[in-house]
Structure formats: structure tokens, C-alpha cells
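Pasting structure.txt here (compact mmCIF, N, CA and C atoms):
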```txt
# COMPACT_ATOMS: atom_id res chain seq x y z
N MET R 1 -19.33 4.67 -0.28
CA MET R 1 -18.14 4.73 0.55
C MET R 1 -18.53 5.11 1.96
N THR R 2 -17.70 4.74 2.90
CA THR R 2 -17.98 5.03 4.29
C THR R 2 -17.65 6.47 4.62
N ASP R 3 -18.21 6.97 5.74
CA ASP R 3 -17.88 8.33 6.18
C ASP R 3 -16.40 8.48 6.43
N ALA R 4 -15.77 7.45 6.98
CA ALA R 4 -14.33 7.52 7.25
C ALA R 4 -13.54 7.70 5.96
N ALA R 5 -14.02 7.11 4.87
CA ALA R 5 -13.31 7.26 3.59
C ALA R 5 -13.46 8.68 3.06
N HIS R 6 -14.64 9.28 3.26
CA HIS R 6 -14.85 10.65 2.80
C HIS R 6 -14.19 11.68 3.70
N ASN R 7 -14.17 11.42 4.99
CA ASN R 7 -13.64 12.36 5.97
C ASN R 7 -12.58 11.70 6.83
N PRO R 8 -11.38 11.50 6.27
CA PRO R 8 -10.34 10.87 7.08
C PRO R 8 -9.97 11.77 8.24
N PRO R 9 -9.53 11.18 9.37
CA PRO R 9 -9.13 11.99 10.51
C PRO R 9 -8.01 12.96 10.13
N PRO R 10 -7.94 14.10 10.81
CA PRO R 10 -6.89 15.08 10.49
C PRO R 10 -5.52 14.42 10.56
N GLY R 11 -4.65 14.82 9.63
CA GLY R 11 -3.29 14.28 9.60
C GLY R 11 -3.15 13.11 8.65
N ASP R 12 -4.24 12.39 8.40
CA ASP R 12 -4.16 11.23 7.51
C ASP R 12 -3.81 11.62 6.09
N ALA R 13 -4.36 12.73 5.59
CA ALA R 13 -4.07 13.15 4.22
C ALA R 13 -2.59 13.44 4.05
N ALA R 14 -1.99 14.12 5.01
CA ALA R 14 -0.56 14.41 4.94
C ALA R 14 0.25 13.12 5.05
N ASP R 15 -0.19 12.21 5.92
CA ASP R 15 0.49 10.92 6.05
C ASP R 15 0.39 10.13 4.75
N ASP R 16 -0.79 10.14 4.13
CA ASP R 16 -0.97 9.44 2.86
C ASP R 16 -0.07 10.03 1.78
N ASP R 17 0.05 11.36 1.76
CA ASP R 17 0.92 12.01 0.78
C ASP R 17 2.36 11.54 0.94
N LEU R 18 2.82 11.41 2.18
CA LEU R 18 4.18 10.94 2.42
C LEU R 18 4.36 9.51 1.91
N VAL R 19 3.35 8.67 2.13
CA VAL R 19 3.43 7.27 1.68
C VAL R 19 3.44 7.21 0.15
N PHE R 20 2.53 7.95 -0.50
CA PHE R 20 2.50 7.94 -1.96
C PHE R 20 3.81 8.47 -2.53
N LYS R 21 4.35 9.52 -1.93
CA LYS R 21 5.63 10.06 -2.41
C LYS R 21 6.73 9.01 -2.25
N ALA R 22 6.73 8.33 -1.11
CA ALA R 22 7.75 7.31 -0.87
C ALA R 22 7.63 6.16 -1.86
N LEU R 23 6.41 5.78 -2.19
CA LEU R 23 6.19 4.65 -3.10
C LEU R 23 6.39 5.04 -4.57
N ALA R 24 6.51 6.33 -4.86
CA ALA R 24 6.62 6.79 -6.24
C ALA R 24 7.95 6.41 -6.90
N ALA R 25 9.00 6.25 -6.11
CA ALA R 25 10.32 5.98 -6.68
C ALA R 25 10.58 4.48 -6.79
N PRO R 26 10.96 4.00 -7.97
CA PRO R 26 11.22 2.57 -8.15
C PRO R 26 12.28 2.02 -7.18
N LEU R 27 13.34 2.79 -6.90
CA LEU R 27 14.38 2.31 -5.99
C LEU R 27 13.80 2.11 -4.59
N ARG R 28 12.96 3.04 -4.14
CA ARG R 28 12.37 2.88 -2.80
C ARG R 28 11.44 1.67 -2.75
N ARG R 29 10.72 1.41 -3.83
CA ARG R 29 9.88 0.20 -3.85
C ARG R 29 10.74 -1.05 -3.79
N ARG R 30 11.89 -1.04 -4.48
CA ARG R 30 12.80 -2.19 -4.43
C ARG R 30 13.38 -2.34 -3.02
N MET R 31 13.66 -1.23 -2.36
CA MET R 31 14.16 -1.29 -0.98
C MET R 31 13.10 -1.92 -0.07
N LEU R 32 11.85 -1.53 -0.24
CA LEU R 32 10.77 -2.12 0.55
C LEU R 32 10.64 -3.61 0.26
N ASP R 33 10.78 -3.99 -1.01
CA ASP R 33 10.73 -5.42 -1.36
C ASP R 33 11.82 -6.19 -0.63
N ALA R 34 13.01 -5.62 -0.58
CA ALA R 34 14.12 -6.29 0.13
C ALA R 34 13.81 -6.43 1.62
N LEU R 35 13.23 -5.39 2.21
CA LEU R 35 12.91 -5.44 3.64
C LEU R 35 11.67 -6.29 3.92
N LYS R 36 10.84 -6.50 2.91
CA LYS R 36 9.66 -7.35 3.09
C LYS R 36 10.10 -8.79 3.34
N ARG R 37 11.17 -9.20 2.66
CA ARG R 37 11.66 -10.57 2.80
C ARG R 37 12.25 -10.82 4.19
N GLU R 38 13.00 -9.81 4.69
CA GLU R 38 13.65 -9.96 6.00
C GLU R 38 14.20 -8.61 6.45
N PRO R 39 14.28 -8.39 7.77
CA PRO R 39 14.94 -7.17 8.26
C PRO R 39 16.42 -7.20 7.85
N LEU R 40 16.97 -6.03 7.58
CA LEU R 40 18.37 -5.92 7.13
C LEU R 40 19.06 -4.80 7.89
N THR R 41 20.37 -4.89 7.97
CA THR R 41 21.13 -3.76 8.50
C THR R 41 21.26 -2.74 7.37
N THR R 42 21.59 -1.52 7.75
CA THR R 42 21.78 -0.46 6.75
C THR R 42 22.86 -0.85 5.76
N GLY R 43 23.95 -1.42 6.25
CA GLY R 43 25.05 -1.82 5.36
C GLY R 43 24.63 -2.88 4.35
N VAL R 44 23.87 -3.86 4.81
CA VAL R 44 23.41 -4.93 3.90
C VAL R 44 22.43 -4.35 2.88
N LEU R 45 21.55 -3.47 3.32
CA LEU R 45 20.61 -2.85 2.39
C LEU R 45 21.37 -2.07 1.31
N CYS R 46 22.35 -1.30 1.71
CA CYS R 46 23.16 -0.54 0.74
C CYS R 46 23.86 -1.49 -0.24
N ALA R 47 24.36 -2.61 0.27
CA ALA R 47 25.07 -3.57 -0.58
C ALA R 47 24.14 -4.23 -1.60
N ARG R 48 22.84 -4.27 -1.31
CA ARG R 48 21.88 -4.87 -2.24
C ARG R 48 21.66 -4.00 -3.48
N PHE R 49 22.12 -2.76 -3.41
CA PHE R 49 21.92 -1.84 -4.53
C PHE R 49 23.27 -1.26 -4.96
N PRO R 50 24.14 -2.09 -5.54
CA PRO R 50 25.48 -1.64 -5.89
C PRO R 50 25.51 -0.58 -7.00
N GLU R 51 24.41 -0.45 -7.74
CA GLU R 51 24.36 0.54 -8.81
C GLU R 51 24.15 1.96 -8.28
N VAL R 52 23.88 2.07 -6.97
CA VAL R 52 23.60 3.37 -6.35
C VAL R 52 24.59 3.57 -5.20
N ASP R 53 25.11 4.79 -5.06
CA ASP R 53 26.06 5.01 -3.96
C ASP R 53 25.32 5.03 -2.62
N ARG R 54 26.06 4.78 -1.56
CA ARG R 54 25.51 4.65 -0.21
C ARG R 54 24.71 5.89 0.20
N THR R 55 25.22 7.08 -0.12
CA THR R 55 24.53 8.31 0.26
C THR R 55 23.13 8.37 -0.35
N THR R 56 23.01 7.96 -1.60
CA THR R 56 21.71 7.97 -2.27
C THR R 56 20.76 6.97 -1.60
N VAL R 57 21.24 5.78 -1.28
CA VAL R 57 20.41 4.80 -0.60
C VAL R 57 19.94 5.36 0.74
N LEU R 58 20.83 6.02 1.48
CA LEU R 58 20.46 6.58 2.78
C LEU R 58 19.44 7.71 2.63
N GLN R 59 19.55 8.50 1.57
CA GLN R 59 18.55 9.55 1.32
C GLN R 59 17.18 8.93 1.05
N HIS R 60 17.14 7.89 0.25
CA HIS R 60 15.88 7.20 -0.02
C HIS R 60 15.34 6.54 1.25
N LEU R 61 16.23 6.02 2.06
CA LEU R 61 15.82 5.40 3.32
C LEU R 61 15.16 6.43 4.23
N ARG R 62 15.68 7.65 4.27
CA ARG R 62 15.08 8.70 5.09
C ARG R 62 13.65 9.01 4.63
N VAL R 63 13.41 9.00 3.33
CA VAL R 63 12.06 9.23 2.80
C VAL R 63 11.13 8.10 3.28
N LEU R 64 11.61 6.88 3.22
CA LEU R 64 10.81 5.73 3.68
C LEU R 64 10.52 5.81 5.18
N GLU R 65 11.50 6.26 5.95
CA GLU R 65 11.31 6.39 7.40
C GLU R 65 10.35 7.53 7.71
N ARG R 66 10.46 8.64 6.99
CA ARG R 66 9.54 9.77 7.20
C ARG R 66 8.10 9.36 6.94
N ALA R 67 7.89 8.47 5.97
CA ALA R 67 6.55 7.96 5.65
C ALA R 67 6.15 6.83 6.59
N GLU R 68 7.03 6.48 7.51
CA GLU R 68 6.81 5.40 8.50
C GLU R 68 6.64 4.04 7.84
N LEU R 69 7.25 3.87 6.66
CA LEU R 69 7.23 2.58 5.97
C LEU R 69 8.37 1.68 6.43
N VAL R 70 9.39 2.28 7.04
CA VAL R 70 10.55 1.54 7.53
C VAL R 70 10.85 2.04 8.94
N THR R 71 11.18 1.09 9.81
CA THR R 71 11.63 1.45 11.16
C THR R 71 13.08 1.00 11.30
N GLY R 72 13.81 1.72 12.11
CA GLY R 72 15.19 1.36 12.35
C GLY R 72 15.51 1.42 13.84
N ARG R 73 16.34 0.50 14.28
CA ARG R 73 16.81 0.56 15.68
C ARG R 73 18.27 0.17 15.71
N ARG R 74 18.97 0.86 16.54
CA ARG R 74 20.41 0.66 16.66
C ARG R 74 20.68 -0.48 17.63
N ILE R 75 21.50 -1.42 17.18
CA ILE R 75 21.98 -2.51 18.03
C ILE R 75 23.49 -2.48 17.91
N GLY R 76 24.13 -2.00 18.96
CA GLY R 76 25.58 -1.83 18.91
C GLY R 76 25.93 -0.79 17.87
N ARG R 77 26.80 -1.14 16.95
CA ARG R 77 27.20 -0.21 15.89
C ARG R 77 26.32 -0.32 14.65
N GLU R 78 25.42 -1.30 14.63
CA GLU R 78 24.60 -1.53 13.45
C GLU R 78 23.20 -0.93 13.63
N ARG R 79 22.64 -0.56 12.52
CA ARG R 79 21.25 -0.08 12.49
C ARG R 79 20.44 -1.13 11.76
N HIS R 80 19.47 -1.71 12.44
CA HIS R 80 18.63 -2.76 11.87
C HIS R 80 17.33 -2.14 11.36
N LEU R 81 17.00 -2.45 10.12
CA LEU R 81 15.84 -1.87 9.44
C LEU R 81 14.79 -2.94 9.22
N ALA R 82 13.52 -2.55 9.35
CA ALA R 82 12.42 -3.48 9.12
C ALA R 82 11.29 -2.76 8.42
N LEU R 83 10.53 -3.51 7.64
CA LEU R 83 9.35 -2.98 6.97
C LEU R 83 8.27 -2.72 8.02
N ALA R 84 7.59 -1.60 7.91
CA ALA R 84 6.45 -1.28 8.76
C ALA R 84 5.22 -1.24 7.85
N PRO R 85 4.44 -2.32 7.77
CA PRO R 85 3.39 -2.43 6.77
C PRO R 85 2.12 -1.63 7.05
N LEU R 86 1.94 -1.06 8.23
CA LEU R 86 0.68 -0.39 8.54
C LEU R 86 0.34 0.78 7.62
N PRO R 87 1.31 1.62 7.21
CA PRO R 87 0.93 2.68 6.27
C PRO R 87 0.41 2.15 4.93
N ILE R 88 0.96 1.03 4.48
CA ILE R 88 0.48 0.45 3.22
C ILE R 88 -0.92 -0.11 3.41
N LYS R 89 -1.17 -0.72 4.55
CA LYS R 89 -2.53 -1.21 4.85
C LYS R 89 -3.51 -0.05 4.90
N ARG R 90 -3.08 1.06 5.51
CA ARG R 90 -3.95 2.24 5.58
C ARG R 90 -4.30 2.73 4.17
N ILE R 91 -3.31 2.75 3.27
CA ILE R 91 -3.56 3.16 1.88
C ILE R 91 -4.53 2.17 1.22
N HIS R 92 -4.30 0.89 1.45
CA HIS R 92 -5.20 -0.12 0.89
C HIS R 92 -6.62 0.09 1.38
N ASP R 93 -6.78 0.23 2.69
CA ASP R 93 -8.12 0.37 3.26
C ASP R 93 -8.79 1.66 2.80
N ARG R 94 -8.02 2.74 2.73
CA ARG R 94 -8.58 4.05 2.39
C ARG R 94 -8.83 4.21 0.90
N TRP R 95 -7.93 3.70 0.06
CA TRP R 95 -8.02 3.96 -1.37
C TRP R 95 -8.35 2.71 -2.18
N ILE R 96 -7.52 1.69 -2.10
CA ILE R 96 -7.65 0.55 -3.01
C ILE R 96 -8.94 -0.22 -2.76
N ASP R 97 -9.21 -0.56 -1.51
CA ASP R 97 -10.40 -1.34 -1.19
C ASP R 97 -11.68 -0.60 -1.60
N GLU R 98 -11.75 0.68 -1.28
CA GLU R 98 -12.94 1.47 -1.62
C GLU R 98 -13.14 1.56 -3.14
N TYR R 99 -12.05 1.80 -3.87
CA TYR R 99 -12.17 1.93 -5.32
C TYR R 99 -12.44 0.58 -5.98
N ALA R 100 -11.88 -0.48 -5.45
CA ALA R 100 -12.17 -1.82 -5.98
C ALA R 100 -13.65 -2.15 -5.77
N ARG R 101 -14.17 -1.81 -4.60
CA ARG R 101 -15.59 -2.06 -4.32
C ARG R 101 -16.46 -1.26 -5.29
N ALA R 102 -16.09 -0.01 -5.56
CA ALA R 102 -16.86 0.83 -6.50
C ALA R 102 -16.80 0.23 -7.90
N ALA R 103 -15.66 -0.32 -8.30
CA ALA R 103 -15.53 -0.93 -9.62
C ALA R 103 -16.42 -2.17 -9.73
N VAL R 104 -16.46 -2.98 -8.70
CA VAL R 104 -17.31 -4.18 -8.71
C VAL R 104 -18.78 -3.77 -8.77
N ASP R 105 -19.16 -2.74 -8.02
CA ASP R 105 -20.55 -2.25 -8.07
C ASP R 105 -20.90 -1.77 -9.48
N LEU R 106 -19.98 -1.06 -10.12
CA LEU R 106 -20.21 -0.58 -11.48
C LEU R 106 -20.40 -1.76 -12.43
N LEU R 107 -19.55 -2.77 -12.31
CA LEU R 107 -19.68 -3.96 -13.17
C LEU R 107 -21.02 -4.65 -12.94
N ASP R 108 -21.46 -4.71 -11.69
CA ASP R 108 -22.77 -5.30 -11.40
C ASP R 108 -23.89 -4.52 -12.09
N ARG R 109 -23.80 -3.18 -12.04
CA ARG R 109 -24.83 -2.35 -12.68
C ARG R 109 -24.79 -2.53 -14.20
N LEU R 110 -23.59 -2.62 -14.78
CA LEU R 110 -23.47 -2.83 -16.22
C LEU R 110 -24.04 -4.18 -16.62
N ASP R 111 -23.80 -5.21 -15.82
CA ASP R 111 -24.37 -6.53 -16.10
C ASP R 111 -25.89 -6.47 -16.09
N ALA R 112 -26.45 -5.67 -15.21
CA ALA R 112 -27.91 -5.59 -15.06
C ALA R 112 -28.56 -4.94 -16.28
N VAL R 113 -27.87 -4.02 -16.94
CA VAL R 113 -28.47 -3.33 -18.08
C VAL R 113 -28.00 -3.89 -19.42
N ARG R 114 -27.18 -4.91 -19.39
CA ARG R 114 -26.66 -5.53 -20.61
C ARG R 114 -27.81 -6.16 -21.40
N PRO R 115 -27.85 -5.95 -22.72
CA PRO R 115 -28.90 -6.59 -23.53
C PRO R 115 -28.84 -8.10 -23.35
N GLY R 116 -30.00 -8.69 -23.17
CA GLY R 116 -30.08 -10.14 -23.00
C GLY R 116 -29.91 -10.58 -21.56
N ALA R 117 -29.63 -9.63 -20.66
CA ALA R 117 -29.49 -9.98 -19.24
C ALA R 117 -30.88 -10.26 -18.68
N SER R 118 -30.94 -11.12 -17.69
CA SER R 118 -32.23 -11.43 -17.08
C SER R 118 -32.75 -10.20 -16.34
N PRO R 119 -34.06 -10.02 -16.27
CA PRO R 119 -34.62 -8.84 -15.63
C PRO R 119 -34.53 -8.87 -14.11
N ALA R 120 -33.99 -9.94 -13.54
CA ALA R 120 -33.87 -10.04 -12.08
C ALA R 120 -32.94 -8.96 -11.56
N ALA R 121 -33.09 -8.67 -10.30
CA ALA R 121 -32.23 -7.65 -9.66
C ALA R 121 -30.77 -8.09 -9.78
N PRO R 122 -29.86 -7.13 -9.94
CA PRO R 122 -28.44 -7.50 -10.07
C PRO R 122 -27.94 -8.19 -8.82
N GLN R 123 -27.07 -9.18 -9.04
CA GLN R 123 -26.46 -9.92 -7.94
C GLN R 123 -25.09 -9.35 -7.64
N ARG R 124 -24.69 -9.36 -6.39
CA ARG R 124 -23.32 -8.99 -6.03
C ARG R 124 -22.41 -10.10 -6.53
N ARG R 125 -21.28 -9.74 -7.09
CA ARG R 125 -20.33 -10.75 -7.55
C ARG R 125 -19.91 -11.59 -6.35
N GLY R 126 -19.91 -12.89 -6.56
CA GLY R 126 -19.47 -13.79 -5.50
C GLY R 126 -20.59 -14.18 -4.56
N SER R 127 -21.78 -13.61 -4.72
CA SER R 127 -22.88 -14.00 -3.84
C SER R 127 -23.72 -15.04 -4.55
N SER R 128 -24.43 -15.85 -3.78
CA SER R 128 -25.25 -16.88 -4.38
C SER R 128 -26.65 -16.31 -4.64
N PRO R 129 -27.36 -16.86 -5.64
CA PRO R 129 -28.69 -16.35 -5.95
C PRO R 129 -29.63 -16.61 -4.79
N PRO R 130 -30.64 -15.74 -4.61
CA PRO R 130 -31.58 -15.93 -3.51
C PRO R 130 -32.40 -17.19 -3.70
N ASP R 131 -32.83 -17.79 -2.61
CA ASP R 131 -33.65 -18.99 -2.63
C ASP R 131 -35.05 -18.57 -3.08
N ARG R 132 -35.56 -19.16 -4.14
CA ARG R 132 -36.86 -18.80 -4.70
C ARG R 132 -37.98 -19.72 -4.16
N GLY R 133 -37.65 -20.56 -3.17
CA GLY R 133 -38.66 -21.41 -2.57
C GLY R 133 -39.03 -22.62 -3.42
N GLY R 134 -38.25 -22.94 -4.42
CA GLY R 134 -38.51 -24.07 -5.31
C GLY R 134 -38.03 -25.36 -4.68
N ALA R 135 -38.20 -26.47 -5.41
CA ALA R 135 -37.86 -27.77 -4.92
C ALA R 135 -36.42 -27.99 -4.86
```
Rewrite the structure of this file - the entire thing - as C-alpha cells.
Amino acid sequence: MTDAAHNPPPGDAADDDLVFKALAAPLRRRMLDALKREPLTTGVLCARFPEVDRTTVLQHLRVLERAELVTGRRIGRERHLALAPLPIKRIHDRWIDEYARAAVDLLDRLDAVRPGASPAAPQRRGSSPPDRGGA
């Protein structure tokens, strides 16, 4: 892993906690899915979830805004909401990408020690074998 992955800049851990907390609730994930398709007004977003009262949707929206996953701007009497994907990208880069890379490395090492595997050095998945100078 990179030094940045081991030592994130100050504040990132707290920011990540807010994002993970926001993503923990199924309703908030559904709200993000709705905003991923297109920006919506607060009223339209609330109408998309008729099983939940408006106050509850607004409380969940505040959690999403605190995590900077949603931005809102007032246009006249309406509040327009949009998905802000950078915190999710930050989580991907910091957590998912690093752990996926570690999993692929582990699989490569397991392939190398598997009975019947060729004694050649393990290959990275998706890489082509080295040129052996043959015809």
C-alpha cells in the first residue's frame, strides 16, 4: 500500500467516517441512487419515497449533506439537490482499490504455490508473459 493509504492527511479519517455512516442506511443509499440519475428538488426527492414522511427524508438528507455526498442550492423557492461523487471516489481510492489490489496479489501468490503450478515467477493478473527470446 502507498504511504498515503497508511497515513491519510488529517481530517480524512473523520470525513471517511461521515461517508461510511451516511452510506450505512438503505434509505440514504436509495436517495443517492435517485440523485445519481439526475438532480432533483427537495420536494421531488421526498415524493420519490412515499413510504417515509418528509421530515425523515430531510433528516437523512442532512446526513448526506454533512458527509458532502449531496450538494444543495436554492433557486427561488426551490432547493435543487445533486450528487457529489468525490467522497465516494475518495473511499474507493483509499479503501476499495487498495484492498482489491491486495486481494489480487494474494491470489497471485496462491497460484504460485498451487500444486502443479509451473515453477516460473508468479505473473500479475492481466499481464502478458515475459518474452523468452524464442522464435
>> Excluding segment 19-30 of chain R and its own-chain neighbours fewer than 5 positions away, which residues fall within 8 Å of it when counting only N, CA and C atoms? Please give them as a PyMOL selection string.
In response: chain R and resi 13-14+35-36+60-61+63-69+87-88
> Which of these, R:Ile96, R:Ala84, R:Leu110, R:Ala102, has the shortest distance to Val70 of chain R once you count only C-alpha atoms?
Replying inline: R:Ala84
> Any idea what the distance is between atom CA of Ile91 of chain R and atom N of Met31 of chain R?
Replying inline: 18.3 Å
Which centre and which edge lengths, in Å to one decimal, describe the axis-aligned box that holds all listed atoms of segment 15-20 of chain R after 4 Å is added on each side, as AutoDock Vina command-line options?
```
--center_x 1.7 --center_y 9.7 --center_z 1.8 --size_x 13.3 --size_y 13.0 --size_z 16.6
```
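One finds atom N of Val52 of chain R at 20.6 Å from atom N of Leu83 of chain R.
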>> Please compute the atom CA of Thr42 of chain R-atom CA of Ala82 of chain R distance, one decimal, in Å.
In response: 10.1 Å
>> DSSP on the backbone, strand (DSSP E) only: what residues of segment 30-111 of chain R does that give? Format it as a ChimeraX atom specification.
In response: /R:40-41,70-75,78-83
> Which residues in segment 31-131 of chain R does DSSP call alpha helix (DSSP H)? List them as a PyMOL selection string.
Replying inline: chain R and resi 31-37+42-47+54-66+86-91+97-113
Could you turn the residues from that selection into a file that holds N, CA and C atoms, as a CSV table (one decimal), keeping the file's coordinate frame?
```
chain,number,residue,atom,x,y,z
R,31,MET,N,13.7,-1.2,-2.4
R,31,MET,CA,14.2,-1.3,-1.0
R,31,MET,C,13.1,-1.9,-0.1
R,32,LEU,N,11.8,-1.5,-0.2
R,32,LEU,CA,10.8,-2.1,0.6
R,32,LEU,C,10.6,-3.6,0.3
R,33,ASP,N,10.8,-4.0,-1.0
R,33,ASP,CA,10.7,-5.4,-1.4
R,33,ASP,C,11.8,-6.2,-0.6
R,34,ALA,N,13.0,-5.6,-0.6
R,34,ALA,CA,14.1,-6.3,0.1
R,34,ALA,C,13.8,-6.4,1.6
R,35,LEU,N,13.2,-5.4,2.2
R,35,LEU,CA,12.9,-5.4,3.6
R,35,LEU,C,11.7,-6.3,3.9
R,36,LYS,N,10.8,-6.5,2.9
R,36,LYS,CA,9.7,-7.4,3.1
R,36,LYS,C,10.1,-8.8,3.3
R,37,ARG,N,11.2,-9.2,2.7
R,37,ARG,CA,11.7,-10.6,2.8
R,37,ARG,C,12.2,-10.8,4.2
R,42,THR,N,21.6,-1.5,7.8
R,42,THR,CA,21.8,-0.5,6.8
R,42,THR,C,22.9,-0.8,5.8
R,43,GLY,N,24.0,-1.4,6.2
R,43,GLY,CA,25.0,-1.8,5.4
R,43,GLY,C,24.6,-2.9,4.4
R,44,VAL,N,23.9,-3.9,4.8
R,44,VAL,CA,23.4,-4.9,3.9
R,44,VAL,C,22.4,-4.4,2.9
R,45,LEU,N,21.6,-3.5,3.3
R,45,LEU,CA,20.6,-2.8,2.4
R,45,LEU,C,21.4,-2.1,1.3
R,46,CYS,N,22.4,-1.3,1.7
R,46,CYS,CA,23.2,-0.5,0.7
R,46,CYS,C,23.9,-1.5,-0.2
R,47,ALA,N,24.4,-2.6,0.3
R,47,ALA,CA,25.1,-3.6,-0.6
R,47,ALA,C,24.1,-4.2,-1.6
R,54,ARG,N,26.1,4.8,-1.6
R,54,ARG,CA,25.5,4.6,-0.2
R,54,ARG,C,24.7,5.9,0.2
R,55,THR,N,25.2,7.1,-0.1
R,55,THR,CA,24.5,8.3,0.3
R,55,THR,C,23.1,8.4,-0.4
R,56,THR,N,23.0,8.0,-1.6
R,56,THR,CA,21.7,8.0,-2.3
R,56,THR,C,20.8,7.0,-1.6
R,57,VAL,N,21.2,5.8,-1.3
R,57,VAL,CA,20.4,4.8,-0.6
R,57,VAL,C,19.9,5.4,0.7
R,58,LEU,N,20.8,6.0,1.5
R,58,LEU,CA,20.5,6.6,2.8
R,58,LEU,C,19.4,7.7,2.6
R,59,GLN,N,19.6,8.5,1.6
R,59,GLN,CA,18.6,9.6,1.3
R,59,GLN,C,17.2,8.9,1.0
R,60,HIS,N,17.1,7.9,0.2
R,60,HIS,CA,15.9,7.2,0.0
R,60,HIS,C,15.3,6.5,1.2
R,61,LEU,N,16.2,6.0,2.1
R,61,LEU,CA,15.8,5.4,3.3
R,61,LEU,C,15.2,6.4,4.2
R,62,ARG,N,15.7,7.6,4.3
R,62,ARG,CA,15.1,8.7,5.1
R,62,ARG,C,13.6,9.0,4.6
R,63,VAL,N,13.4,9.0,3.3
R,63,VAL,CA,12.1,9.2,2.8
R,63,VAL,C,11.1,8.1,3.3
R,64,LEU,N,11.6,6.9,3.2
R,64,LEU,CA,10.8,5.7,3.7
R,64,LEU,C,10.5,5.8,5.2
R,65,GLU,N,11.5,6.3,6.0
R,65,GLU,CA,11.3,6.4,7.4
R,65,GLU,C,10.4,7.5,7.7
R,66,ARG,N,10.5,8.6,7.0
R,66,ARG,CA,9.5,9.8,7.2
R,66,ARG,C,8.1,9.4,6.9
R,86,LEU,N,1.9,-1.1,8.2
R,86,LEU,CA,0.7,-0.4,8.5
R,86,LEU,C,0.3,0.8,7.6
R,87,PRO,N,1.3,1.6,7.2
R,87,PRO,CA,0.9,2.7,6.3
R,87,PRO,C,0.4,2.2,4.9
R,88,ILE,N,1.0,1.0,4.5
R,88,ILE,CA,0.5,0.4,3.2
R,88,ILE,C,-0.9,-0.1,3.4
R,89,LYS,N,-1.2,-0.7,4.6
R,89,LYS,CA,-2.5,-1.2,4.8
R,89,LYS,C,-3.5,0.0,4.9
R,90,ARG,N,-3.1,1.1,5.5
R,90,ARG,CA,-4.0,2.2,5.6
R,90,ARG,C,-4.3,2.7,4.2
R,91,ILE,N,-3.3,2.8,3.3
R,91,ILE,CA,-3.6,3.2,1.9
R,91,ILE,C,-4.5,2.2,1.2
R,97,ASP,N,-9.2,-0.6,-1.5
R,97,ASP,CA,-10.4,-1.3,-1.2
R,97,ASP,C,-11.7,-0.6,-1.6
R,98,GLU,N,-11.8,0.7,-1.3
R,98,GLU,CA,-12.9,1.5,-1.6
R,98,GLU,C,-13.1,1.6,-3.1
R,99,TYR,N,-12.0,1.8,-3.9
R,99,TYR,CA,-12.2,1.9,-5.3
R,99,TYR,C,-12.4,0.6,-6.0
R,100,ALA,N,-11.9,-0.5,-5.4
R,100,ALA,CA,-12.2,-1.8,-6.0
R,100,ALA,C,-13.6,-2.2,-5.8
R,101,ARG,N,-14.2,-1.8,-4.6
R,101,ARG,CA,-15.6,-2.1,-4.3
R,101,ARG,C,-16.5,-1.3,-5.3
R,102,ALA,N,-16.1,0.0,-5.6
R,102,ALA,CA,-16.9,0.8,-6.5
R,102,ALA,C,-16.8,0.2,-7.9
R,103,ALA,N,-15.7,-0.3,-8.3
R,103,ALA,CA,-15.5,-0.9,-9.6
R,103,ALA,C,-16.4,-2.2,-9.7
R,104,VAL,N,-16.5,-3.0,-8.7
R,104,VAL,CA,-17.3,-4.2,-8.7
R,104,VAL,C,-18.8,-3.8,-8.8
R,105,ASP,N,-19.2,-2.7,-8.0
R,105,ASP,CA,-20.6,-2.2,-8.1
R,105,ASP,C,-20.9,-1.8,-9.5
R,106,LEU,N,-20.0,-1.1,-10.1
R,106,LEU,CA,-20.2,-0.6,-11.5
R,106,LEU,C,-20.4,-1.8,-12.4
R,107,LEU,N,-19.6,-2.8,-12.3
R,107,LEU,CA,-19.7,-4.0,-13.2
R,107,LEU,C,-21.0,-4.6,-12.9
R,108,ASP,N,-21.5,-4.7,-11.7
R,108,ASP,CA,-22.8,-5.3,-11.4
R,108,ASP,C,-23.9,-4.5,-12.1
R,109,ARG,N,-23.8,-3.2,-12.0
R,109,ARG,CA,-24.8,-2.4,-12.7
R,109,ARG,C,-24.8,-2.5,-14.2
R,110,LEU,N,-23.6,-2.6,-14.8
R,110,LEU,CA,-23.5,-2.8,-16.2
R,110,LEU,C,-24.0,-4.2,-16.6
R,111,ASP,N,-23.8,-5.2,-15.8
R,111,ASP,CA,-24.4,-6.5,-16.1
R,111,ASP,C,-25.9,-6.5,-16.1
R,112,ALA,N,-26.4,-5.7,-15.2
R,112,ALA,CA,-27.9,-5.6,-15.1
R,112,ALA,C,-28.6,-4.9,-16.3
R,113,VAL,N,-27.9,-4.0,-16.9
R,113,VAL,CA,-28.5,-3.3,-18.1
R,113,VAL,C,-28.0,-3.9,-19.4
```
